[in-house]
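Shown next: my_file-v8.cif, given as mmCIF, C-alpha atoms.
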data_my_file
loop_
_atom_site.label_atom_id
_atom_site.label_comp_id
_atom_site.auth_asym_id
_atom_site.auth_seq_id
_atom_site.Cartn_x
_atom_site.Cartn_y
_atom_site.Cartn_z
CA MET A 1 -24.15 -2.17 22.04
CA ASN A 2 -21.15 -3.28 24.12
CA LYS A 3 -19.35 -1.08 26.60
CA ALA A 4 -16.28 -0.54 24.40
CA ALA A 5 -18.40 0.72 21.52
CA GLN A 6 -20.28 3.13 23.78
CA THR A 7 -17.11 4.87 25.01
CA LEU A 8 -15.47 5.45 21.63
CA SER A 9 -14.68 9.05 20.63
CA PRO A 10 -13.77 8.57 16.98
CA THR A 11 -13.47 12.11 15.60
CA MET A 12 -10.80 14.70 16.41
CA THR A 13 -13.18 17.72 16.67
CA ASP A 14 -11.69 20.07 19.30
CA PHE A 15 -8.91 17.80 20.55
CA SER A 16 -5.36 19.20 20.27
CA PRO A 17 -2.70 16.48 20.63
CA LYS A 18 0.35 17.08 22.80
CA SER A 19 2.40 14.05 21.70
CA ASP A 20 4.73 14.19 18.71
CA PHE A 21 3.09 11.08 17.28
CA LEU A 22 -0.50 12.25 17.13
CA ARG A 23 0.51 15.79 16.23
CA THR A 24 2.58 14.50 13.31
CA VAL A 25 0.01 12.08 11.88
CA GLU A 26 -2.75 14.67 12.34
CA GLU A 27 -0.98 17.48 10.50
CA ARG A 28 0.03 15.11 7.70
CA GLY A 29 -3.50 13.84 7.13
CA PHE A 30 -3.27 10.27 8.40
CA ILE A 31 -6.16 10.33 10.89
CA HIS A 32 -9.71 9.24 10.17
CA GLN A 33 -10.94 7.85 13.51
CA CYS A 34 -9.56 7.06 16.95
CA SER A 35 -11.17 5.20 19.83
CA ASP A 36 -9.79 7.55 22.51
CA PHE A 37 -7.63 10.51 21.47
CA ALA A 38 -6.84 11.68 25.00
CA GLY A 39 -5.89 8.23 26.25
CA LEU A 40 -3.71 7.42 23.24
CA ASP A 41 -2.09 10.87 23.33
CA ALA A 42 -1.14 10.40 26.98
CA LEU A 43 0.61 7.11 26.20
CA ALA A 44 2.36 8.56 23.15
CA LEU A 45 3.57 11.52 25.22
CA LYS A 46 5.41 9.02 27.43
CA GLY A 47 6.65 6.93 24.48
CA GLU A 48 4.59 3.97 25.66
CA VAL A 49 2.57 3.21 22.54
CA VAL A 50 3.16 -0.23 21.03
CA GLY A 51 1.22 -0.19 17.78
CA TYR A 52 0.69 -2.73 15.04
CA ILE A 53 -0.72 -3.08 11.56
CA GLY A 54 -1.33 -6.43 9.88
CA PHE A 55 -0.32 -7.15 6.28
CA ASP A 56 -1.74 -10.22 4.58
CA ALA A 57 0.52 -11.94 2.04
CA THR A 58 -1.90 -12.00 -0.90
CA ALA A 59 0.72 -11.09 -3.54
CA PRO A 60 4.53 -11.29 -3.99
CA SER A 61 4.76 -7.54 -3.27
CA LEU A 62 2.78 -4.87 -1.50
CA HIS A 63 1.68 -1.97 -3.69
CA ALA A 64 1.49 1.79 -3.18
CA GLY A 65 -1.96 1.46 -1.61
CA SER A 66 -0.21 0.02 1.50
CA LEU A 67 2.13 2.99 1.90
CA VAL A 68 -0.16 5.00 4.17
CA GLN A 69 -0.15 2.14 6.69
CA ILE A 70 3.61 1.67 6.41
CA MET A 71 4.16 5.40 6.91
CA MET A 72 1.97 5.35 10.03
CA LEU A 73 4.28 2.71 11.50
CA HIS A 74 7.27 4.81 10.40
CA TRP A 75 6.03 7.89 12.23
CA LEU A 76 5.05 5.85 15.29
CA GLN A 77 8.63 4.64 15.67
CA LYS A 78 10.15 7.96 14.60
CA THR A 79 8.35 9.71 17.47
CA GLY A 80 9.73 7.35 20.13
CA ASN A 81 7.24 4.48 20.22
CA LYS A 82 7.37 0.81 19.19
CA ALA A 83 6.08 -0.49 15.85
CA ILE A 84 4.94 -4.01 15.00
CA ALA A 85 4.55 -5.04 11.36
CA LEU A 86 2.47 -8.19 11.62
CA MET A 87 2.78 -10.71 8.80
CA GLY A 88 -0.58 -12.31 8.11
CA GLY A 89 0.61 -15.81 7.31
CA GLY A 90 -2.41 -17.23 9.13
CA THR A 91 -5.11 -14.73 8.16
CA THR A 92 -4.06 -14.92 4.50
CA MET A 93 -5.28 -18.52 4.56
CA VAL A 94 -8.77 -17.15 5.34
CA GLY A 95 -9.04 -13.91 3.37
CA ASP A 96 -10.27 -10.52 4.59
CA PRO A 97 -13.74 -9.69 3.16
CA SER A 98 -13.43 -5.97 4.03
CA GLY A 99 -14.11 -3.72 1.04
CA ARG A 100 -14.58 -6.62 -1.37
CA ASP A 101 -17.52 -7.66 -3.53
CA GLU A 102 -16.39 -11.26 -3.76
CA GLY A 103 -14.22 -13.74 -1.93
CA ARG A 104 -10.46 -13.78 -2.34
CA ARG A 105 -8.87 -16.75 -4.07
CA LEU A 106 -7.51 -19.08 -1.39
CA LEU A 107 -3.74 -19.42 -1.71
CA THR A 108 -1.68 -22.50 -1.03
CA VAL A 109 0.71 -22.53 1.93
CA GLU A 110 3.60 -22.51 -0.54
CA ASP A 111 2.23 -19.40 -2.30
CA ILE A 112 1.77 -17.62 1.03
CA GLU A 113 5.33 -18.41 2.14
CA ALA A 114 6.73 -17.14 -1.15
CA ASN A 115 4.65 -13.95 -0.88
CA LYS A 116 5.82 -13.31 2.68
CA THR A 117 9.43 -13.53 1.53
CA GLY A 118 8.66 -11.00 -1.19
CA ILE A 119 7.01 -8.37 0.99
CA LYS A 120 9.20 -8.50 4.10
CA SER A 121 12.13 -6.61 2.56
CA VAL A 122 10.10 -3.42 2.04
CA PHE A 123 9.65 -2.74 5.75
CA ALA A 124 13.37 -2.41 6.45
CA LYS A 125 13.33 0.73 4.26
CA PHE A 126 10.87 2.46 6.61
CA LEU A 127 11.47 0.87 10.05
CA THR A 128 14.46 0.03 12.23
CA PHE A 129 14.34 -3.60 13.38
CA GLY A 130 16.29 -5.08 16.26
CA ASP A 131 16.17 -6.28 19.85
CA GLY A 132 15.99 -2.86 21.52
CA PRO A 133 12.92 -1.69 23.44
CA LYS A 134 11.85 0.70 20.64
CA ASP A 135 13.06 -1.41 17.72
CA ALA A 136 10.39 -2.70 15.36
CA VAL A 137 9.48 -6.39 15.26
CA MET A 138 7.81 -8.54 12.60
CA PRO A 139 5.93 -11.53 14.04
CA ASP A 140 3.73 -13.81 11.91
CA ASN A 141 0.23 -14.71 13.06
CA ALA A 142 0.61 -18.15 11.46
CA GLU A 143 2.63 -18.96 14.58
CA TRP A 144 -0.46 -18.91 16.79
CA LEU A 145 -3.43 -19.13 14.42
CA THR A 146 -2.37 -22.39 12.76
CA THR A 147 -2.02 -24.14 16.11
CA LEU A 148 -5.45 -23.16 17.50
CA LYS A 149 -7.71 -25.99 18.66
CA TRP A 150 -11.23 -25.57 17.31
CA ILE A 151 -13.28 -26.43 20.41
CA GLU A 152 -11.04 -24.42 22.74
CA MET A 153 -11.24 -21.44 20.35
CA LEU A 154 -15.04 -21.60 20.33
CA ARG A 155 -15.25 -21.85 24.15
CA ASP A 156 -12.58 -19.31 25.07
CA ILE A 157 -12.84 -16.74 22.26
CA GLY A 158 -15.97 -17.40 20.20
CA LYS A 159 -18.26 -16.96 23.17
CA HIS A 160 -17.37 -13.26 23.31
CA PHE A 161 -18.71 -12.51 19.81
CA SER A 162 -22.32 -11.71 19.02
CA VAL A 163 -23.45 -12.98 15.62
CA ASN A 164 -25.99 -10.14 15.46
CA ARG A 165 -23.19 -7.60 15.86
CA MET A 166 -20.95 -9.39 13.39
CA LEU A 167 -23.76 -9.26 10.81
CA SER A 168 -24.00 -5.49 11.29
CA MET A 169 -20.36 -4.93 10.27
CA ASP A 170 -19.93 -3.13 6.94
CA SER A 171 -17.49 -5.77 5.66
CA VAL A 172 -20.19 -8.42 6.17
CA LYS A 173 -23.24 -6.38 5.16
CA LEU A 174 -21.70 -5.42 1.81
CA ARG A 175 -21.22 -9.04 0.86
CA LEU A 176 -24.61 -10.18 2.16
CA ASP A 177 -26.38 -7.41 0.26
CA ARG A 178 -24.79 -8.49 -3.00
CA ASP A 179 -27.07 -10.74 -4.99
CA ASN A 180 -24.51 -13.30 -6.11
CA GLU A 181 -24.37 -17.04 -5.85
CA ASN A 182 -21.24 -17.14 -3.71
CA GLY A 183 -22.24 -14.74 -0.93
CA LEU A 184 -20.00 -14.62 2.13
CA SER A 185 -18.25 -17.87 2.97
CA PHE A 186 -18.12 -19.17 6.52
CA ILE A 187 -14.32 -19.00 6.48
CA GLU A 188 -14.39 -15.28 5.60
CA PHE A 189 -17.05 -14.65 8.28
CA ASN A 190 -14.46 -15.79 10.84
CA TYR A 191 -11.81 -13.31 9.69
CA MET A 192 -12.86 -10.60 12.14
CA ILE A 193 -12.57 -13.04 15.04
CA LEU A 194 -9.03 -13.97 14.03
CA GLN A 195 -8.06 -10.30 13.67
CA ALA A 196 -9.45 -9.52 17.10
CA TYR A 197 -7.58 -12.50 18.52
CA ASP A 198 -4.34 -11.25 16.92
CA PHE A 199 -4.71 -7.99 18.84
CA THR A 200 -4.98 -9.83 22.16
CA VAL A 201 -2.02 -12.12 21.41
CA LEU A 202 0.18 -9.14 20.55
CA ALA A 203 -1.06 -7.35 23.69
CA ARG A 204 0.10 -10.27 25.83
CA ARG A 205 3.38 -10.94 24.03
CA TYR A 206 4.59 -7.41 23.27
CA GLY A 207 2.47 -5.12 25.42
CA CYS A 208 0.75 -3.94 22.24
CA ASN A 209 -1.93 -1.33 22.97
CA LEU A 210 -2.77 0.14 19.54
CA GLN A 211 -3.99 -1.30 16.26
CA MET A 212 -3.93 0.92 13.19
CA GLY A 213 -5.40 0.38 9.73
CA GLY A 214 -7.54 1.81 6.97
CA SER A 215 -11.01 3.12 7.79
CA ASP A 216 -12.56 -0.09 6.41
CA GLN A 217 -10.88 -1.92 9.32
CA TRP A 218 -12.62 0.11 12.05
CA GLY A 219 -15.16 -2.57 12.94
CA ASN A 220 -12.56 -5.32 13.07
CA ILE A 221 -10.25 -3.24 15.26
CA VAL A 222 -13.06 -2.30 17.65
CA ASN A 223 -13.85 -6.01 17.97
CA GLY A 224 -10.28 -6.48 19.18
CA ILE A 225 -10.65 -3.71 21.75
CA ASP A 226 -13.85 -5.31 23.03
CA LEU A 227 -12.28 -8.78 23.16
CA GLY A 228 -9.29 -7.41 25.09
CA ARG A 229 -11.63 -5.83 27.63
CA ARG A 230 -13.56 -9.08 28.05
CA LEU A 231 -10.32 -11.01 28.55
CA GLY A 232 -9.15 -8.55 31.22
CA LEU A 233 -6.25 -7.05 29.26
CA HIS A 234 -4.87 -3.52 29.50
CA GLN A 235 -6.63 -0.70 27.61
CA LEU A 236 -6.43 -1.11 23.84
CA PHE A 237 -6.82 1.64 21.23
CA ALA A 238 -7.85 2.00 17.58
CA LEU A 239 -6.54 4.52 15.05
CA THR A 240 -7.60 4.45 11.40
CA SER A 241 -6.58 6.39 8.31
CA PRO A 242 -8.87 7.52 5.48
CA LEU A 243 -9.15 5.32 2.40
CA LEU A 244 -7.37 7.44 -0.17
CA THR A 245 -8.14 8.10 -3.80
CA THR A 246 -6.65 10.59 -6.23
CA SER A 247 -8.47 13.87 -6.87
CA SER A 248 -10.12 12.29 -9.91
CA GLY A 249 -11.36 9.36 -7.82
CA ALA A 250 -8.83 6.73 -8.91
CA LYS A 251 -7.76 4.16 -6.32
CA MET A 252 -4.29 4.70 -4.86
CA GLY A 253 -1.67 2.23 -5.98
CA LYS A 254 -3.38 1.28 -9.23
CA THR A 255 -2.96 2.57 -12.77
CA ALA A 256 -4.34 1.55 -16.14
CA ALA A 257 -1.18 -0.53 -16.59
CA GLY A 258 -1.66 -2.38 -13.29
CA ALA A 259 -0.57 -2.19 -9.66
CA VAL A 260 2.19 0.16 -8.51
CA TRP A 261 4.30 -2.49 -6.80
CA LEU A 262 6.81 -1.64 -4.08
CA ASN A 263 9.33 -4.37 -4.94
CA ALA A 264 11.90 -3.36 -7.55
CA ASP A 265 11.63 -6.74 -9.30
CA GLN A 266 7.93 -6.05 -9.90
CA LEU A 267 8.22 -2.35 -10.83
CA SER A 268 11.47 -0.54 -11.64
CA PRO A 269 12.54 2.47 -9.54
CA TYR A 270 12.21 4.57 -12.72
CA ASP A 271 8.56 3.53 -13.25
CA TYR A 272 7.89 4.10 -9.55
CA TRP A 273 9.37 7.61 -9.85
CA GLN A 274 7.16 8.24 -12.87
CA TYR A 275 4.03 7.20 -10.95
CA TRP A 276 4.56 10.03 -8.47
CA ARG A 277 5.74 12.49 -11.14
CA ASN A 278 2.41 11.97 -12.90
CA ALA A 279 0.36 12.92 -9.81
CA GLU A 280 -2.55 15.26 -10.42
CA ASP A 281 -1.88 18.91 -9.56
CA ALA A 282 -4.48 18.92 -6.79
CA ASP A 283 -2.85 15.93 -5.06
CA VAL A 284 0.73 17.20 -4.80
CA GLY A 285 0.51 18.85 -1.37
CA ARG A 286 -1.47 15.97 0.15
CA PHE A 287 0.89 13.34 -1.26
CA LEU A 288 3.98 15.21 -0.06
CA LYS A 289 2.58 15.07 3.48
CA LEU A 290 1.65 11.40 3.32
CA TYR A 291 4.43 9.85 1.27
CA THR A 292 7.55 11.86 2.11
CA THR A 293 9.31 12.94 5.29
CA LEU A 294 9.92 16.51 4.17
CA PRO A 295 9.23 19.18 6.82
CA ILE A 296 5.72 20.62 6.74
CA SER A 297 7.08 24.12 6.06
CA GLU A 298 8.82 22.90 2.88
CA ILE A 299 5.72 20.96 1.83
CA ASN A 300 3.57 24.07 2.23
CA ARG A 301 6.01 26.02 0.06
CA LEU A 302 5.95 23.40 -2.68
CA ALA A 303 2.16 23.01 -2.52
CA ALA A 304 1.73 26.75 -3.04
CA LEU A 305 3.54 26.68 -6.39
CA GLY A 306 1.26 27.40 -9.32
CA GLY A 307 1.29 27.19 -13.09
CA ALA A 308 4.22 25.37 -14.65
CA GLU A 309 6.10 25.48 -11.32
CA ILE A 310 3.84 22.74 -9.93
CA ASN A 311 5.91 20.37 -12.08
CA ASP A 312 8.93 21.18 -9.91
CA ALA A 313 6.93 20.14 -6.87
CA LYS A 314 5.95 16.90 -8.60
CA LYS A 315 9.60 16.11 -9.28
CA VAL A 316 10.39 16.64 -5.60
CA LEU A 317 7.49 14.36 -4.66
CA ALA A 318 8.70 11.67 -7.07
CA THR A 319 12.31 11.85 -5.92
CA GLU A 320 11.54 11.92 -2.18
CA ALA A 321 8.97 9.10 -2.35
CA THR A 322 11.33 6.98 -4.47
CA ALA A 323 14.27 7.70 -2.14
CA LEU A 324 12.33 6.37 0.84
CA LEU A 325 11.64 3.07 -0.91
CA HIS A 326 14.61 2.51 -3.23
CA GLY A 327 17.31 4.76 -1.79
CA ARG A 328 18.55 8.22 -2.69
CA ALA A 329 20.95 7.07 -5.42
CA LEU A 330 18.29 5.21 -7.44
CA ALA A 331 15.82 8.04 -6.95
CA GLU A 332 18.22 10.63 -8.33
CA LYS A 333 19.17 8.26 -11.14
CA ALA A 334 15.47 7.95 -12.08
CA ALA A 335 15.10 11.74 -11.98
CA GLU A 336 18.12 12.17 -14.25
CA THR A 337 16.82 9.53 -16.67
CA ALA A 338 13.52 11.38 -16.87
CA ARG A 339 15.28 14.70 -17.41
CA GLU A 340 17.39 13.31 -20.26
CA THR A 341 14.36 11.66 -21.84
CA PHE A 342 11.79 14.43 -21.54
CA GLU A 343 13.72 17.68 -21.35
CA GLN A 344 16.59 16.84 -23.68
CA GLY A 345 14.72 14.49 -26.02
CA GLY A 346 17.39 11.82 -25.62
CA THR A 347 17.31 8.05 -25.25
CA ALA A 348 18.46 7.52 -21.67
CA ALA A 349 20.21 4.18 -21.14
CA ASP A 350 18.46 3.72 -17.78
CA LEU A 351 14.95 3.56 -19.21
CA PRO A 352 13.08 0.28 -18.60
CA THR A 353 14.40 -2.33 -21.02
CA VAL A 354 12.68 -5.30 -22.68
CA MET A 355 14.77 -7.97 -24.38
CA VAL A 356 13.69 -9.73 -27.58
CA ASP A 357 15.32 -12.58 -29.41
CA GLY A 358 18.05 -11.31 -31.74
CA ALA A 359 17.02 -13.65 -34.53
CA GLU A 360 13.44 -12.45 -34.29
CA LEU A 361 14.52 -8.82 -34.57
CA SER A 362 16.81 -9.59 -37.49
CA ALA A 363 13.89 -11.24 -39.30
CA GLY A 364 11.64 -8.27 -38.52
CA LEU A 365 9.34 -7.64 -35.58
CA GLY A 366 5.94 -6.08 -36.24
CA VAL A 367 5.52 -2.71 -34.57
CA LEU A 368 2.17 -3.73 -33.03
CA THR A 369 3.73 -6.80 -31.43
CA ALA A 370 6.73 -4.76 -30.27
CA PHE A 371 4.55 -2.35 -28.27
CA VAL A 372 2.65 -5.24 -26.68
CA ARG A 373 5.93 -6.99 -25.76
CA ALA A 374 7.16 -3.76 -24.21
CA GLY A 375 4.09 -3.65 -21.98
CA LEU A 376 3.08 -0.22 -23.26
CA VAL A 377 -0.28 -1.43 -24.61
CA PRO A 378 -2.33 -4.49 -23.63
CA SER A 379 -3.09 -5.74 -27.15
CA THR A 380 -2.29 -5.26 -30.83
CA GLY A 381 -5.80 -3.87 -31.27
CA GLU A 382 -5.08 -1.13 -28.75
CA ALA A 383 -1.73 -0.46 -30.44
CA ARG A 384 -3.53 -0.03 -33.76
CA ARG A 385 -5.97 2.45 -32.19
CA GLN A 386 -3.12 4.43 -30.64
CA ILE A 387 -1.35 4.64 -34.00
CA GLN A 388 -4.49 6.10 -35.56
CA SER A 389 -4.51 8.84 -32.91
CA GLY A 390 -0.76 9.48 -33.16
CA GLY A 391 0.01 8.11 -29.70
CA LEU A 392 2.90 5.72 -30.50
CA ARG A 393 6.46 6.64 -31.47
CA VAL A 394 9.61 4.74 -32.42
CA ASN A 395 12.85 6.59 -31.71
CA ASP A 396 10.77 9.75 -31.13
CA GLN A 397 9.15 9.49 -34.58
CA ALA A 398 5.37 8.98 -34.76
CA VAL A 399 4.26 5.60 -36.08
CA SER A 400 1.85 6.07 -38.98
CA ASP A 401 1.77 2.57 -40.47
CA ALA A 402 0.50 -0.34 -38.40
CA ARG A 403 2.34 -2.68 -40.79
CA GLN A 404 5.73 -1.19 -39.93
CA VAL A 405 8.41 -3.75 -39.12
CA LEU A 406 11.30 -3.13 -36.71
CA THR A 407 14.73 -4.61 -37.34
CA ALA A 408 18.19 -4.33 -35.80
CA ALA A 409 18.83 -1.43 -38.17
CA ASP A 410 16.35 0.66 -36.14
CA GLY A 411 18.60 0.47 -33.10
CA VAL A 412 20.26 3.66 -31.85
CA ASN A 413 22.48 4.27 -28.82
CA ASP A 414 24.05 0.83 -28.39
CA GLY A 415 21.45 -0.87 -30.55
CA ALA A 416 18.38 0.03 -28.46
CA ILE A 417 15.06 0.92 -30.08
CA LYS A 418 13.12 3.51 -28.10
CA LEU A 419 9.36 2.86 -27.97
CA SER A 420 7.10 5.60 -26.59
CA PHE A 421 3.43 5.73 -25.69
CA GLY A 422 2.35 9.32 -25.20
CA LYS A 423 4.80 11.73 -23.61
CA LYS A 424 5.64 9.88 -20.41
CA LYS A 425 5.86 6.14 -21.10
CA HIS A 426 9.09 4.89 -22.70
CA VAL A 427 10.76 1.50 -23.05
CA LEU A 428 14.00 0.43 -24.71
CA LEU A 429 13.79 -2.65 -26.92
CA ARG A 430 17.06 -4.56 -27.15
CA ALA A 431 18.14 -7.76 -28.88
CA GLY A 432 19.25 -10.43 -26.43
#

So, in terms of structure tokens, how does the structure I just supplied come out?
Amino acid sequence: MNKAAQTLSPTMTDFSPKSDFLRTVEERGFIHQCSDFAGLDALALKGEVVGYIGFDATAPSLHAGSLVQIMMLHWLQKTGNKAIALMGGGTTMVGDPSGRDEGRRLLTVEDIEANKTGIKSVFAKFLTFGDGPKDAVMPDNAEWLTTLKWIEMLRDIGKHFSVNRMLSMDSVKLRLDRDNENGLSFIEFNYMILQAYDFTVLARRYGCNLQMGGSDQWGNIVNGIDLGRRLGLHQLFALTSPLLTTSSGAKMGKTAAGAVWLNADQLSPYDYWQYWRNAEDADVGRFLKLYTTLPISEINRLAALGGAEINDAKKVLATEATALLHGRALAEKAAETARETFEQGGTAADLPTVMVDGAELSAGLGVLTAFVRAGLVPSTGEARRQIQSGGLRVNDQAVSDARQVLTAADGVNDGAIKLSFGKKKHVLLRAG
């Protein structure tokens, strides 16, 4: 085992942080492991932490599963330190094998550039960017990774990595243990080296001394600490957060309908609000700590609510989480739309809307097809099953006949037809 690995003190046991940063992320539930609590706390107490998290551009938008990492950067800056949101333009070309059973699909350079454009805008909602000493920055590792020379990389960086140790990493072992024909590709095997190298580049360019990430990134981050020590850099630190699931075991940021995207063009503010409103009772207190900036005293009050009152806490969670991402006005608009729809039984004009061809609606649109078009069910077969169990409604009336046809005459409130799946999923169908 290398020297860096021997000196790690990953668990918080009896340590009581003095800095605002570690105290805040500890009481809000962000901490899983840290390489050196005392050393990191001392730097944070002086406002000298420069911390980064990398975000690969694998999709046009990040989803709610990335929020814990974004909030860690938010609190780092909020408590007087410097945050770096690293775009993974280079590492996206390789693909991180951590936590995956199979290799990621390799994206084209054009796809990666388009994805980077899509995800960058989210960070401005949580961080303050600029040229000041504590302003956040957003470099892209494509700047240095795509210009590396292979032989020089092997001689200068590769020599510091033990293949035996790399094979012992969970991200590698999981894939090697899987009995599939693809296994772990050589390009993916190199990902941890590139991530470690990123840490050292940021250390030299920005004085970066902390890398944060999910607990599945621990091995990769420790590799960066070890590489920094071997290259004679200043002390580097690791801080990871737990991999979160809901109380029922569901993965954060995913629903039966798909990913909970952070970009408004991928998921409306109303649907985002609804995601948090539908949180399980047991998760409300934990989610308020992680995904809002409400004071801990207020969170404790809301988390203590019982019975039907827990729904009030869920509405606060939904509104505060949505306000952080989409702004206070859109969050309150979503809350009002939900109130009109659920509590007053109305057809709120701000519900998600799907347009259909006017001629098609005039000719008659089958109710099964309408629910599929609205995105409320994945197939006409599923729509048929939901009708049999009484789960689908048109204009708040249960659908009993799978052969029902919708026409323009079914429109109410400015010609919109309200389609509902269960009690909480609603879409307006309009002729366009």

Given the PyMOL selection byres ((chain A and resi 18) around 10) and the file above, list the residues it selects as a short mmCIF file (atom, residue, chain, number, x, y, z; two decimals) with C-alpha atoms, in the coordinates of the input.
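File written: out_38.cif
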data_model
loop_
_atom_site.label_atom_id
_atom_site.label_comp_id
_atom_site.auth_asym_id
_atom_site.auth_seq_id
_atom_site.Cartn_x
_atom_site.Cartn_y
_atom_site.Cartn_z
CA PHE A 15 -8.91 17.80 20.55
CA SER A 16 -5.36 19.20 20.27
CA PRO A 17 -2.70 16.48 20.63
CA SER A 19 2.40 14.05 21.70
CA ASP A 20 4.73 14.19 18.71
CA PHE A 21 3.09 11.08 17.28
CA LEU A 22 -0.50 12.25 17.13
CA ARG A 23 0.51 15.79 16.23
CA ALA A 38 -6.84 11.68 25.00
CA ASP A 41 -2.09 10.87 23.33
CA ALA A 42 -1.14 10.40 26.98
CA ALA A 44 2.36 8.56 23.15
CA LEU A 45 3.57 11.52 25.22
#

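Distances from A:His74, A:Arg301, A:His326, A:Arg230 to Tyr52 in chain A were compared using all atoms listed in the file, and the smallest one belongs to A:His74.
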
Atomic separation - CA of Leu62 in chain A relative to CA of Leu351 in chain A, Å: 23.1 Å

Please evaluate the PyMOL selection byres ((chain A and resi 276-280) around 6) against the structure above and give the resulting residues as a compact mmCIF listing (two decimals) with C-alpha atoms, keeping the file's coordinate frame.
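Now in expr.txt:
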# COMPACT_ATOMS: atom_id res chain seq x y z
CA TRP A 273 9.37 7.61 -9.85
CA GLN A 274 7.16 8.24 -12.87
CA TYR A 275 4.03 7.20 -10.95
CA ASP A 281 -1.88 18.91 -9.56
CA ALA A 282 -4.48 18.92 -6.79
CA ASP A 283 -2.85 15.93 -5.06
CA LYS A 314 5.95 16.90 -8.60
CA LYS A 315 9.60 16.11 -9.28
CA ALA A 318 8.70 11.67 -7.07

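The protein and nucleic acid residues lying at most 10 Å from Phe161 in chain A are A:Leu154, A:Ile157, A:Gly158, A:Lys159, A:Val163, A:Asn164, A:Arg165, A:Met166, A:Met192, A:Ile193, A:Asn223, A:Asp226, A:Leu227, with only C-alpha atoms considered and sequence neighbours fewer than 2 positions away removed.
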
Nearest to Ile119 in chain A, chosen from A:Gln266, A:Asn395, A:Gln77, A:Asn141, with only C-alpha atoms counted in the distances: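 Checking each candidate against Ile119 in chain A, we get A:Gln266 as the closest.
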
Given the PyMOL selection byres ((chain A and resi 194) around 12), the residues it picks as JSON, numbers by chain: {"A": [54, 88, 89, 90, 91, 92, 93, 94, 95, 96, 141, 142, 144, 145, 146, 148, 153, 154, 157, 158, 161, 187, 188, 189, 190, 191, 192, 193, 195, 196, 197, 198, 199, 200, 201, 220, 221, 223, 224, 227]}

Residue with smallest distance to Ser389 in chain A - pool A:Thr128, A:Asp357, A:Asp401, A:Leu317, counting only C-alpha atoms: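 Among the listed residues, the smallest separation from Ser389 in chain A belongs to A:Asp401.
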
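Distances to Val137 in chain A were evaluated for A:Lys116, A:Glu110, A:Met87, A:Val172 using only C-alpha atoms, and the minimum falls at A:Met87.
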
Closest of A:Asp14, A:His32, A:Ala359, A:Leu288 to Asn300 in chain A - atom-to-atom distances counting only C-alpha atoms: A:Leu288

Atom pair CA of Pro352 in chain A / CA of Val427 in chain A: separation (Å): 5.2 Å

Interatomic distance (Å, one decimal) between CA of Gln388 in chain A and CA of Arg403 in chain A: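 Between these atoms lies a distance of 12.3 Å.
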
Nearest candidate to Leu324 in chain A (options A:Leu294, A:Leu210, A:Ala85, A:Cys34; using all atoms listed in the file):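 Closest candidate: A:Leu294.
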
Quick one: residues within 12 Å of Glu360 in chain A, all atoms listed in the file counted, chain neighbours fewer than 6 positions away excluded, as a PDB file with C-alpha atoms, keeping the file's coordinate frame?
ATOM      1  CA  GLY A 366       5.940  -6.080 -36.240  1.00  0.00           C
ATOM      2  CA  THR A 369       3.730  -6.800 -31.430  1.00  0.00           C
ATOM      3  CA  ALA A 370       6.730  -4.760 -30.270  1.00  0.00           C
ATOM      4  CA  VAL A 405       8.410  -3.750 -39.120  1.00  0.00           C
ATOM      5  CA  LEU A 406      11.300  -3.130 -36.710  1.00  0.00           C
ATOM      6  CA  THR A 407      14.730  -4.610 -37.340  1.00  0.00           C
ATOM      7  CA  ALA A 408      18.190  -4.330 -35.800  1.00  0.00           C
ATOM      8  CA  ARG A 430      17.060  -4.560 -27.150  1.00  0.00           C
ATOM      9  CA  ALA A 431      18.140  -7.760 -28.880  1.00  0.00           C
ATOM     10  CA  GLY A 432      19.250 -10.430 -26.430  1.00  0.00           C
TER      11      GLY A 432
END

Gln404 in chain A environment, 12 Å, only C-alpha atoms, sequence neighbours closer than 5 positions dropped, as a PyMOL selection string: chain A and resi 364-371+384+387+393-394+398-399+410

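Near Glu113 in chain A, within 10 Å and counting all atoms listed in the file, sit Ala57, Pro60, Gly89 and Leu107 of chain A; same-chain residues fewer than 6 positions away were not included.
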